[in-house]
file work10.pdb (PDB, C-alpha atoms and all ligand atoms)
ATOM      1  CA  MET A   1      16.734  10.910  -2.320  1.00  0.00           C
ATOM      2  CA  ASN A   2      18.785  10.179   0.732  1.00  0.00           C
ATOM      3  CA  ASP A   3      21.733  12.351  -0.202  1.00  0.00           C
ATOM      4  CA  HIS A   4      21.226  14.666   2.726  1.00  0.00           C
ATOM      5  CA  GLN A   5      20.018  12.247   5.278  1.00  0.00           C
ATOM      6  CA  PRO A   6      20.444  14.015   8.608  1.00  0.00           C
ATOM      7  CA  TRP A   7      20.378  10.891  10.702  1.00  0.00           C
ATOM      8  CA  LYS A   8      22.276   7.680  10.732  1.00  0.00           C
ATOM      9  CA  PHE A   9      21.196   4.176  11.503  1.00  0.00           C
ATOM     10  CA  THR A  10      23.590   1.294  11.630  1.00  0.00           C
ATOM     11  CA  CYS A  11      22.136  -2.063  12.512  1.00  0.00           C
ATOM     12  CA  LYS A  12      24.139  -3.603  15.320  1.00  0.00           C
ATOM     13  CA  THR A  13      23.418  -7.038  13.920  1.00  0.00           C
ATOM     14  CA  CYS A  14      24.001  -6.687  10.190  1.00  0.00           C
ATOM     15  CA  ASP A  15      25.429  -3.154   9.651  1.00  0.00           C
ATOM     16  CA  SER A  16      22.578  -2.195   7.324  1.00  0.00           C
ATOM     17  CA  HIS A  17      21.610   1.475   7.210  1.00  0.00           C
ATOM     18  CA  LYS A  18      18.078   1.109   5.950  1.00  0.00           C
ATOM     19  CA  LEU A  19      14.851   0.869   7.877  1.00  0.00           C
ATOM     20  CA  THR A  20      11.482  -0.454   6.831  1.00  0.00           C
ATOM     21  CA  VAL A  21       8.135   0.775   8.105  1.00  0.00           C
ATOM     22  CA  THR A  22       5.292  -1.740   8.062  1.00  0.00           C
ATOM     23  CA  ARG A  23       1.622  -1.234   8.735  1.00  0.00           C
ATOM     24  CA  VAL A  24      -0.562  -4.252   9.494  1.00  0.00           C
ATOM     25  CA  TRP A  25      -4.311  -4.124   9.602  1.00  0.00           C
ATOM     26  CA  ASN A  26      -7.275  -6.462   9.623  1.00  0.00           C
ATOM     27  CA  ILE A  27     -10.242  -6.471   7.293  1.00  0.00           C
ATOM     28  CA  LEU A  28     -13.473  -8.145   8.221  1.00  0.00           C
ATOM     29  CA  ALA A  29     -14.498 -10.174   5.183  1.00  0.00           C
ATOM     30  CA  GLY A  30     -17.618 -12.116   5.994  1.00  0.00           C
ATOM     31  CA  PRO A  31     -16.926 -14.702   8.682  1.00  0.00           C
ATOM     32  CA  ASP A  32     -13.213 -14.410   8.172  1.00  0.00           C
ATOM     33  CA  SER A  33     -10.908 -11.596   8.880  1.00  0.00           C
ATOM     34  CA  GLU A  34      -8.099 -10.907   6.499  1.00  0.00           C
ATOM     35  CA  ARG A  35      -4.812  -9.569   7.629  1.00  0.00           C
ATOM     36  CA  TRP A  36      -2.915  -7.268   5.320  1.00  0.00           C
ATOM     37  CA  GLN A  37       0.362  -5.493   5.498  1.00  0.00           C
ATOM     38  CA  GLU A  38       2.071  -2.779   3.524  1.00  0.00           C
ATOM     39  CA  TRP A  39       5.605  -1.608   3.903  1.00  0.00           C
ATOM     40  CA  GLY A  40       8.241   0.672   2.545  1.00  0.00           C
ATOM     41  CA  PRO A  41      11.350   2.609   3.458  1.00  0.00           C
ATOM     42  CA  LEU A  42      11.726   5.222   6.143  1.00  0.00           C
ATOM     43  CA  GLU A  43      12.900   8.403   4.448  1.00  0.00           C
ATOM     44  CA  ALA A  44      15.554  10.884   5.431  1.00  0.00           C
ATOM     45  CA  ASP A  45      12.966  13.278   6.838  1.00  0.00           C
ATOM     46  CA  HIS A  46      11.390  10.540   8.982  1.00  0.00           C
ATOM     47  CA  SER A  47       8.397  10.216   6.706  1.00  0.00           C
ATOM     48  CA  TRP A  48       7.807   6.960   4.889  1.00  0.00           C
ATOM     49  CA  HIS A  49       5.869   5.590   1.991  1.00  0.00           C
ATOM     50  CA  TYR A  50       4.538   2.170   1.264  1.00  0.00           C
ATOM     51  CA  GLU A  51       5.879   0.364  -1.751  1.00  0.00           C
ATOM     52  CA  PHE A  52       4.565  -3.119  -1.165  1.00  0.00           C
ATOM     53  CA  LYS A  53       1.337  -4.600  -0.004  1.00  0.00           C
ATOM     54  CA  GLU A  54       0.229  -8.159   0.547  1.00  0.00           C
ATOM     55  CA  ARG A  55      -2.187 -10.284   2.438  1.00  0.00           C
ATOM     56  CA  VAL A  56      -0.656 -11.936   5.459  1.00  0.00           C
ATOM     57  CA  GLU A  57      -1.275 -15.652   5.355  1.00  0.00           C
ATOM     58  CA  GLU A  58      -2.088 -17.033   8.754  1.00  0.00           C
ATOM     59  CA  ASN A  59      -1.278 -20.590   7.774  1.00  0.00           C
ATOM     60  CA  PRO A  60       2.318 -21.224   8.876  1.00  0.00           C
ATOM     61  CA  ASP A  61       2.750 -23.648   5.990  1.00  0.00           C
ATOM     62  CA  ASP A  62       2.510 -20.705   3.645  1.00  0.00           C
ATOM     63  CA  GLU A  63       5.228 -18.854   5.470  1.00  0.00           C
ATOM     64  CA  VAL A  64       7.890 -20.210   3.184  1.00  0.00           C
ATOM     65  CA  GLU A  65       6.194 -18.752   0.155  1.00  0.00           C
ATOM     66  CA  ARG A  66       6.315 -15.250   1.472  1.00  0.00           C
ATOM     67  CA  GLY A  67       9.157 -13.082   0.388  1.00  0.00           C
ATOM     68  CA  ASP A  68      11.699 -12.148   2.948  1.00  0.00           C
ATOM     69  CA  PHE A  69      11.832  -8.494   3.884  1.00  0.00           C
ATOM     70  CA  GLY A  70      15.464  -8.408   2.978  1.00  0.00           C
ATOM     71  CA  GLU A  71      15.107  -9.408  -0.614  1.00  0.00           C
ATOM     72  CA  TYR A  72      14.064  -6.091  -2.021  1.00  0.00           C
ATOM     73  CA  ALA A  73      16.324  -4.131   0.293  1.00  0.00           C
ATOM     74  CA  GLU A  74      19.389  -4.938  -1.709  1.00  0.00           C
ATOM     75  CA  ASP A  75      17.978  -3.382  -4.838  1.00  0.00           C
ATOM     76  CA  ASP A  76      19.410   0.110  -4.833  1.00  0.00           C
ATOM     77  CA  SER A  77      18.753   0.667  -8.498  1.00  0.00           C
ATOM     78  CA  ALA A  78      17.451   4.028  -9.557  1.00  0.00           C
ATOM     79  CA  SER A  79      14.271   2.623 -10.997  1.00  0.00           C
ATOM     80  CA  GLU A  80      11.282   4.270  -9.475  1.00  0.00           C
ATOM     81  CA  PRO A  81       8.840   2.008  -7.696  1.00  0.00           C
ATOM     82  CA  GLU A  82       5.448   1.798  -9.226  1.00  0.00           C
ATOM     83  CA  GLU A  83       3.135   4.421  -7.968  1.00  0.00           C
ATOM     84  CA  TYR A  84       1.450   3.161  -4.910  1.00  0.00           C
ATOM     85  CA  GLU A  85      -2.282   2.978  -5.029  1.00  0.00           C
ATOM     86  CA  ILE A  86      -3.671   5.044  -2.216  1.00  0.00           C
ATOM     87  CA  PHE A  87      -6.927   3.862  -0.831  1.00  0.00           C
ATOM     88  CA  GLU A  88      -8.845   4.922   2.188  1.00  0.00           C
ATOM     89  CA  SER A  89      -9.451   2.205   4.689  1.00  0.00           C
ATOM     90  CA  GLU A  90     -12.664   2.368   6.618  1.00  0.00           C
ATOM     91  CA  ASN A  91     -11.238   0.289   9.379  1.00  0.00           C
ATOM     92  CA  ASP A  92     -10.665   1.523  12.834  1.00  0.00           C
ATOM     93  CA  THR A  93      -7.133   2.767  12.473  1.00  0.00           C
ATOM     94  CA  GLU A  94      -6.481   2.425  16.182  1.00  0.00           C
ATOM     95  CA  SER A  95      -6.202  -1.315  15.664  1.00  0.00           C
ATOM     96  CA  ASP A  96      -3.531  -0.876  13.022  1.00  0.00           C
ATOM     97  CA  GLU A  97      -0.129  -2.136  13.965  1.00  0.00           C
ATOM     98  CA  PHE A  98       3.044  -0.365  12.972  1.00  0.00           C
ATOM     99  CA  TYR A  99       6.483  -1.871  12.917  1.00  0.00           C
ATOM    100  CA  VAL A 100       9.937  -0.600  12.161  1.00  0.00           C
ATOM    101  CA  ASN A 101      12.481  -3.200  11.181  1.00  0.00           C
ATOM    102  CA  CYS A 102      15.986  -3.309   9.867  1.00  0.00           C
ATOM    103  CA  ALA A 103      15.501  -3.597   6.118  1.00  0.00           C
ATOM    104  CA  ASN A 104      18.168  -6.245   5.887  1.00  0.00           C
ATOM    105  CA  CYS A 105      17.868  -8.596   8.871  1.00  0.00           C
ATOM    106  CA  ASP A 106      14.286  -7.744   9.861  1.00  0.00           C
ATOM    107  CA  ARG A 107      15.218  -7.029  13.451  1.00  0.00           C
ATOM    108  CA  GLU A 108      12.452  -5.053  15.154  1.00  0.00           C
ATOM    109  CA  ILE A 109      13.425  -1.541  16.196  1.00  0.00           C
ATOM    110  CA  GLU A 110      11.475   0.411  18.775  1.00  0.00           C
ATOM    111  CA  PHE A 111      10.229   3.767  17.600  1.00  0.00           C
ATOM    112  CA  GLY A 112       8.220   6.799  18.603  1.00  0.00           C
ATOM    113  CA  TRP A 113       6.074   9.408  16.922  1.00  0.00           C
ATOM    114  CA  SER A 114       6.720  13.112  16.669  1.00  0.00           C
ATOM    115  CA  GLN A 115       3.122  13.887  17.609  1.00  0.00           C
ATOM    116  CA  PRO A 116       0.603  12.282  19.970  1.00  0.00           C
ATOM    117  CA  ASN A 117      -1.884   9.672  18.800  1.00  0.00           C
ATOM    118  CA  ARG A 118       0.563   8.185  16.343  1.00  0.00           C
ATOM    119  CA  GLY A 119       0.794  11.451  14.527  1.00  0.00           C
ATOM    120  CA  GLY A 120       3.610  13.065  12.654  1.00  0.00           C
ATOM    121  CA  ARG A 121       6.719  11.186  11.738  1.00  0.00           C
ATOM    122  CA  ILE A 122       8.458   8.050  12.869  1.00  0.00           C
ATOM    123  CA  PHE A 123      11.611   8.199  14.943  1.00  0.00           C
ATOM    124  CA  PRO A 124      13.277   4.836  15.555  1.00  0.00           C
ATOM    125  CA  VAL A 125      15.226   4.743  18.780  1.00  0.00           C
ATOM    126  CA  GLU A 126      18.408   3.563  17.092  1.00  0.00           C
ATOM    127  CA  CYS A 127      18.582   6.540  14.760  1.00  0.00           C
ATOM    128  CA  SER A 128      21.281   9.004  15.623  1.00  0.00           C
ATOM    129  CA  ASP A 129      18.835  11.859  16.028  1.00  0.00           C
ATOM    130  CA  PHE A 130      16.565  10.095  18.469  1.00  0.00           C
ATOM    131  CA  ILE A 131      16.248  12.125  21.650  1.00  0.00           C
ATOM    132  CA  PRO A 132      14.716  10.401  24.680  1.00  0.00           C
ATOM    133  CA  GLY A 133      11.895  12.494  26.099  1.00  0.00           C
ATOM    134  CA  GLU A 134      11.102  14.154  22.778  1.00  0.00           C
ATOM    135  CA  PHE A 135       8.745  11.664  21.198  1.00  0.00           C
ATOM    136  CA  TRP A 136       5.542   9.798  21.865  1.00  0.00           C
ATOM    137  CA  PRO A 137       6.139   6.045  21.976  1.00  0.00           C
ATOM    138  CA  GLU A 138       4.388   3.621  19.727  1.00  0.00           C
ATOM    139  CA  PRO A 139       1.827   2.271  22.261  1.00  0.00           C
ATOM    140  CA  ARG A 140       3.436  -1.173  22.126  1.00  0.00           C
ATOM    141  CA  TYR A 141       6.600   0.263  23.633  1.00  0.00           C
ATOM    142  CA  LEU A 142       5.016   2.415  26.300  1.00  0.00           C
ATOM    143  CA  GLU A 143       6.064   0.204  29.187  1.00  0.00           C
ATOM    144  CA  SER A 144       9.525  -0.302  27.773  1.00  0.00           C
ATOM    145  CA  TRP A 145      10.023   3.435  27.470  1.00  0.00           C
ATOM    146  CA  ARG A 146       8.667   4.070  30.915  1.00  0.00           C
ATOM    147  CA  GLN A 147      11.324   1.807  32.351  1.00  0.00           C
ATOM    148  CA  LYS A 148      13.999   3.579  30.331  1.00  0.00           C
ATOM    149  CA  HIS A 149      12.706   7.003  31.371  1.00  0.00           C
ATOM    150  CA  TRP A 150      12.233   7.983  27.750  1.00  0.00           C
ATOM    151  CA  LEU A 151       8.690   9.268  28.132  1.00  0.00           C
ATOM    152  CA  ARG A 152       7.859  12.905  27.736  1.00  0.00           C
ATOM    153  CA  THR A 153       7.318  14.763  30.927  1.00  0.00           C
ATOM    154  CA  GLY A 154       3.631  15.434  31.103  1.00  0.00           C
ATOM    155  CA  GLU A 155       0.419  13.651  31.668  1.00  0.00           C
ATOM    156  CA  ASP A 156      -0.635  12.399  28.248  1.00  0.00           C
ATOM    157  CA  GLN A 157       1.937   9.951  26.970  1.00  0.00           C
ATOM    158  CA  LEU A 158       0.061   8.738  23.955  1.00  0.00           C
TER     159      LEU A 158
HETATM  160 ZN    ZN B   1      19.994  -5.583  10.543  1.00  0.00          ZN
END
call {"tool": "encode", "arguments": {"input": "work10.pdb", "output": "structure tokens"}}
result
Amino acid sequence: MNDHQPWKFTCKTCDSHKLTVTRVWNILAGPDSERWQEWGPLEADHSWHYEFKERVEENPDDEVERGDFGEYAEDDSASEPEEYEIFESENDTESDEFYVNCANCDREIEFGWSQPNRGGRIFPVECSDFIPGEFWPEPRYLESWRQKHWLRTGEDQL
């Protein structure tokens, strides 16, 4: 699938070339709120798909039980992942959190979107085809990008 990948990412910490996109969201379940995450690889065309999904345990004691992000990354076998079950969330998607991490060492990578309002595709800043001034930052990185002068010229930055 990645035979003609037009961009290159090399982690400066672990030399991995793969990136993982993670979405985290909260579900109100009675008095408690559940936190879920799903994640999968960033593709050559800057799209991504989710291959895994799990509830995020808030109890730090459970942290050990959770799989490390790197474990599945080493499996380059040709076996197709199971078809991911698409479901529509009725949650307010503005509260969703998106993360891009090195698939091997889990280092967080800043990224932007090709369209405003978190639209379009994901462009991590450490990819070779990232062009400062071309993308809309993930809101979490707005201030960071402002300081680096990476924001688009124009009024609406998000
Ligand atoms: Zn890494």
call {"tool": "closest_residue", "arguments": {"input": "work10.pdb", "among": "A:Asn104, A:Glu34, A:Cys127, A:Ser95", "to": "ligand ZN 1 (chain B)", "atoms": "only C-alpha atoms and all ligand atoms"}}
result
A:Asn104
call {"tool": "closest_atom_pairs", "arguments": {"input": "work10.pdb", "of": "range 114-150 of chain A", "to": "range 18-26 of chain A", "cutoff": "12 Å", "atoms": "all atoms listed in the file", "output": "tab-separated table"}}
result
residue	atom	partner	partner_atom	distance
A:Arg121	CA	A:Val21	CA	11.1
A:Ile122	CA	A:Val21	CA	8.7
A:Phe123	CA	A:Val21	CA	10.7
A:Pro124	CA	A:Leu19	CA	8.8
A:Val125	CA	A:Leu19	CA	11.6
A:Glu126	CA	A:Leu19	CA	10.2
A:Cys127	CA	A:Leu19	CA	9.7
call {"tool": "resolve_selection", "arguments": {"input": "work10.pdb", "expression": "the PyMOL selection byres (((not hetatm)) within 12 of (chain B and resi 1))", "output": "ChimeraX atom specification"}}
result
/A:9-20,69-70,73,100-109,126
call {"tool": "atom_distance", "arguments": {"input": "work10.pdb", "atom1": "CA of Glu134 in chain A", "atom2": "CA of Asp45 in chain A"}}
result
16.1 Å
call {"tool": "atom_distance", "arguments": {"input": "work10.pdb", "atom1": "CA of Pro132 in chain A", "atom2": "CA of Tyr99 in chain A"}}
result
18.9 Å
call {"tool": "atom_distance", "arguments": {"input": "work10.pdb", "atom1": "CA of Arg152 in chain A", "atom2": "CA of Glu97 in chain A"}}
result
21.9 Å
call {"tool": "axis_aligned_box", "arguments": {"input": "work10.pdb", "around": "range 98-110 of chain A", "padding_each_side": "4 Å", "output": "JSON"}}
result
{"center_x": 10.6, "center_y": -4.1, "center_z": 12.3, "size_x": 23.1, "size_y": 17.0, "size_z": 20.9}
call {"tool": "residues_near_point", "arguments": {"input": "work10.pdb", "point": "(11.6, 9.8, 27.0)", "cutoff": "9 Å", "atoms": "all atoms listed in the file", "output": "NGL selection string"}}
result
:A and (131-137 or 145-146 or 148-153)
call {"tool": "closest_residue", "arguments": {"input": "work10.pdb", "among": "A:Asp96, A:Pro139, A:Pro31, A:Lys53", "to": "Asn117 in chain A", "atoms": "all atoms listed in the file"}}
result
A:Pro139
call {"tool": "residues_around", "arguments": {"input": "work10.pdb", "residues": "Arg55 in chain A", "least_positions_apart": "6", "cutoff": "7 Å", "atoms": "all atoms listed in the file", "output": "ChimeraX atom specification"}}
result
/A:35-37
call {"tool": "decode", "arguments": {"input": "work10.pdb", "residues": "range 94-122 of chain A", "atoms": "N, CA and C atoms", "output": "JSON list (two decimals), in the first residue's frame"}}
result
[["chain", "number", "residue", "atom", "x", "y", "z"],
["A", 94, "GLU", "N", -16.26, 18.29, 18.34],
["A", 94, "GLU", "CA", -15.27, 19.33, 18.61],
["A", 94, "GLU", "C", -14.45, 18.99, 19.85],
["A", 95, "SER", "N", -14.99, 18.14, 20.70],
["A", 95, "SER", "CA", -14.24, 17.78, 21.91],
["A", 95, "SER", "C", -13.33, 16.59, 21.67],
["A", 96, "ASP", "N", -13.39, 16.02, 20.47],
["A", 96, "ASP", "CA", -12.48, 14.93, 20.16],
["A", 96, "ASP", "C", -11.04, 15.43, 20.19],
["A", 97, "GLU", "N", -10.17, 14.54, 20.56],
["A", 97, "GLU", "CA", -8.75, 14.88, 20.54],
["A", 97, "GLU", "C", -8.05, 14.00, 19.51],
["A", 98, "PHE", "N", -7.20, 14.61, 18.75],
["A", 98, "PHE", "CA", -6.43, 13.86, 17.75],
["A", 98, "PHE", "C", -4.95, 13.94, 18.09],
["A", 99, "TYR", "N", -4.29, 12.84, 17.88],
["A", 99, "TYR", "CA", -2.85, 12.80, 18.13],
["A", 99, "TYR", "C", -2.16, 12.09, 16.98],
["A", 100, "VAL", "N", -0.96, 12.55, 16.69],
["A", 100, "VAL", "CA", -0.10, 11.81, 15.78],
["A", 100, "VAL", "C", 1.16, 11.46, 16.56],
["A", 101, "ASN", "N", 1.50, 10.18, 16.53],
["A", 101, "ASN", "CA", 2.68, 9.74, 17.25],
["A", 101, "ASN", "C", 3.54, 8.86, 16.36],
["A", 102, "CYS", "N", 4.81, 8.84, 16.66],
["A", 102, "CYS", "CA", 5.68, 7.85, 16.05],
["A", 102, "CYS", "C", 5.15, 6.47, 16.41],
["A", 103, "ALA", "N", 4.98, 5.61, 15.42],
["A", 103, "ALA", "CA", 4.38, 4.30, 15.67],
["A", 103, "ALA", "C", 5.29, 3.41, 16.50],
["A", 104, "ASN", "N", 6.54, 3.75, 16.57],
["A", 104, "ASN", "CA", 7.47, 2.90, 17.31],
["A", 104, "ASN", "C", 7.72, 3.40, 18.73],
["A", 105, "CYS", "N", 8.10, 4.66, 18.88],
["A", 105, "CYS", "CA", 8.48, 5.15, 20.22],
["A", 105, "CYS", "C", 7.39, 6.01, 20.84],
["A", 106, "ASP", "N", 6.31, 6.24, 20.13],
["A", 106, "ASP", "CA", 5.15, 6.95, 20.68],
["A", 106, "ASP", "C", 5.40, 8.43, 20.91],
["A", 107, "ARG", "N", 6.46, 8.95, 20.35],
["A", 107, "ARG", "CA", 6.73, 10.37, 20.50],
["A", 107, "ARG", "C", 5.65, 11.18, 19.77],
["A", 108, "GLU", "N", 5.12, 12.21, 20.43],
["A", 108, "GLU", "CA", 4.07, 13.01, 19.82],
["A", 108, "GLU", "C", 4.64, 13.91, 18.74],
["A", 109, "ILE", "N", 3.96, 13.94, 17.61],
["A", 109, "ILE", "CA", 4.39, 14.76, 16.48],
["A", 109, "ILE", "C", 3.30, 15.81, 16.22],
["A", 110, "GLU", "N", 3.70, 17.05, 16.11],
["A", 110, "GLU", "CA", 2.71, 18.08, 15.77],
["A", 110, "GLU", "C", 2.22, 17.86, 14.35],
["A", 111, "PHE", "N", 0.99, 18.28, 14.11],
["A", 111, "PHE", "CA", 0.45, 18.09, 12.76],
["A", 111, "PHE", "C", -0.59, 19.16, 12.46],
["A", 112, "GLY", "N", -0.89, 19.29, 11.18],
["A", 112, "GLY", "CA", -1.92, 20.21, 10.73],
["A", 112, "GLY", "C", -2.90, 19.49, 9.83],
["A", 113, "TRP", "N", -3.92, 20.23, 9.43],
["A", 113, "TRP", "CA", -4.98, 19.69, 8.58],
["A", 113, "TRP", "C", -4.95, 20.42, 7.24],
["A", 114, "SER", "N", -5.36, 19.72, 6.20],
["A", 114, "SER", "CA", -5.32, 20.34, 4.88],
["A", 114, "SER", "C", -6.51, 21.27, 4.64],
["A", 115, "GLN", "N", -7.51, 21.18, 5.52],
["A", 115, "GLN", "CA", -8.66, 22.07, 5.41],
["A", 115, "GLN", "C", -9.01, 22.61, 6.79],
["A", 116, "PRO", "N", -9.71, 23.75, 6.83],
["A", 116, "PRO", "CA", -10.07, 24.32, 8.14],
["A", 116, "PRO", "C", -11.03, 23.42, 8.90],
["A", 117, "ASN", "N", -11.17, 23.71, 10.18],
["A", 117, "ASN", "CA", -12.06, 22.95, 11.06],
["A", 117, "ASN", "C", -11.73, 21.46, 11.07],
["A", 118, "ARG", "N", -10.47, 21.17, 11.15],
["A", 118, "ARG", "CA", -10.00, 19.79, 11.21],
["A", 118, "ARG", "C", -10.51, 18.98, 10.03],
["A", 119, "GLY", "N", -10.53, 19.60, 8.89],
["A", 119, "GLY", "CA", -11.01, 18.91, 7.71],
["A", 119, "GLY", "C", -9.86, 18.42, 6.86],
["A", 120, "GLY", "N", -10.20, 17.54, 5.95],
["A", 120, "GLY", "CA", -9.21, 17.07, 4.99],
["A", 120, "GLY", "C", -8.28, 16.05, 5.59],
["A", 121, "ARG", "N", -7.02, 16.18, 5.27],
["A", 121, "ARG", "CA", -6.06, 15.15, 5.64],
["A", 121, "ARG", "C", -5.06, 15.67, 6.66],
["A", 122, "ILE", "N", -4.31, 14.74, 7.20],
["A", 122, "ILE", "CA", -3.39, 15.07, 8.29],
["A", 122, "ILE", "C", -1.97, 15.18, 7.76]]
